[in-house]
Amino acid sequence: MEFENTYGDARRAAAFDELDFSGTYYLAVRDLRRILSDHVRGGRALDFGCGTGRSTRYLKELGFETQGVDISGEMVALAERRDPGGDYRVITDGDFDGLVEGSFDLVLCAFTFDNIPGRDHKVRLFTGLRQLLADHGRVVNIVSTPEIYTHDWVTFSTSAYPENRLARCGDVVRIVTTDYSDGRPVEDIIWPHENYLAVYREAGLTTLLHERPTASGEEGIAWVSETSVPPWSIYVLGVEPTMP
């Protein structure tokens with residue numbers, strides 16, 4: 001399947017820029033400070049697939065010296081407008097030539113891989129990201145669970161797409177974000193946990209942590225599915241040790 005950037009038009013980019021880490025997105029970052037504190041040593045970070053800079057700004061607030069990269073010029077322009085002092089760059093798909101190997105303590109991919117098709121494509125990207133890691137560097141990959149496409153949520157709706165329930169690894173699934181002004185569905189690629197593990201292994205990465213956060217019900221939010229069904233998977237990945 002040919003890769004098409006879902007957020008490559010100005011209308012979608014502007015709508016995405018309306019989002020913060022509230023609603024269902026809150027569960028993607030609620031535990032991130034703890035996870036990064038436990039697993040990341042050093043302060044140099046790359047936000048891979050930074051979009052309009054939401055996750056880049058979050059990392060900067062945590063004290064990381066952060067560079068954001070994305071393939072969408074529309075998204076990067078909005079990131080620079082929101083954060084004029086930030087370090088943002090447009091890159092082409094799979095092109096890491098402008099990034100220094102071994103220079104990042106953390107590579108964050110926040111929802112970046114949700115609409116990237118194909119095992120080979122994913123493996124190539126994770127292999128490139130692995131090469132960017134400093135010694136003891138970590139990749140943190142936040143992705144949608146398969147369940148997000150078969151339930152409704154505070155921030156998302158899938159009720160118009162019952163065919164999502166029949167989707168298998170690599171299939172297109174559709175989801176509507178209800179917290180922004182663009183009512184068009186996003187087309188993502190479903191990719192289950194065991195298939196992500198296979199991609200990581202092939203890219204030379206080992207899975208150090210996997211969490212599927214749910215809400216406690218005490219957050220003061222009128223949750224829909226979030227207390228019983230995990231919308232996100234959070235992976236911490238490191239470089240596999242070289243065998244003697």
# chains A, B, ... in the order shown; residues from 1 in each chain; ligands from 1

$ closest_atom_pairs --of "range 36-126 of chain A" --to "range 175-187 of chain A" --cutoff "12 Å" --atoms "only C-alpha atoms" --output "tab-separated table"
residue	atom	partner	partner_atom	distance
A:Asp114	CA	A:Glu187	CA	8.9
A:Asn115	CA	A:Glu187	CA	6.8
A:Ile116	CA	A:Glu187	CA	10.1
A:Pro117	CA	A:Glu187	CA	10.8

$ closest_residue --among "A:Ala215, A:Ile35, A:Ile142, A:Val154" --to "Leu108 in chain A" --atoms "only C-alpha atoms"
A:Ile142

$ atom_distance --atom1 "CA of Glu219 in chain A" --atom2 "CA of Ile234 in chain A"
20.1 Å

$ residues_around --residues "Val143 in chain A" --least-positions-apart "3" --cutoff "10 Å" --atoms "only C-alpha atoms" --output "number ranges by chain"
A: 28, 109-115, 140, 146, 190-193, 196, 212, 231-235

$ residues_around --residues "range 43-54 of chain A" --least-positions-apart "4" --cutoff "7 Å" --atoms "only C-alpha atoms" --output "list in words"
Asp17, Asp20, Tyr58, Phe64, Glu65, Thr66, Gln67, Gly68, Val69, Asp70, Met75, Val76, Leu78, Ala79, Phe104, Asp105, Leu106, Val107, Leu108, Cys109 and Thr112 of chain A

$ select_by_dssp --residues "range 69-101 of chain A" --states "strand (DSSP E)" --output "list of chain:residue names"
A:Val69, A:Asp70, A:Asp87, A:Tyr88, A:Arg89, A:Val90

$ write_last_selection --atoms "C-alpha atoms" --output "PDB file, in the first residue's frame"
ATOM      1  CA  VAL A  69      10.297  16.513  12.479  1.00  0.00           C
ATOM      2  CA  ASP A  70       7.345  15.717  10.242  1.00  0.00           C
ATOM      3  CA  ASP A  87      13.396  23.465  16.437  1.00  0.00           C
ATOM      4  CA  TYR A  88      11.174  22.013  13.688  1.00  0.00           C
ATOM      5  CA  ARG A  89      12.029  20.488  10.342  1.00  0.00           C
ATOM      6  CA  VAL A  90      10.219  18.991   7.373  1.00  0.00           C
TER       7      VAL A  90
END
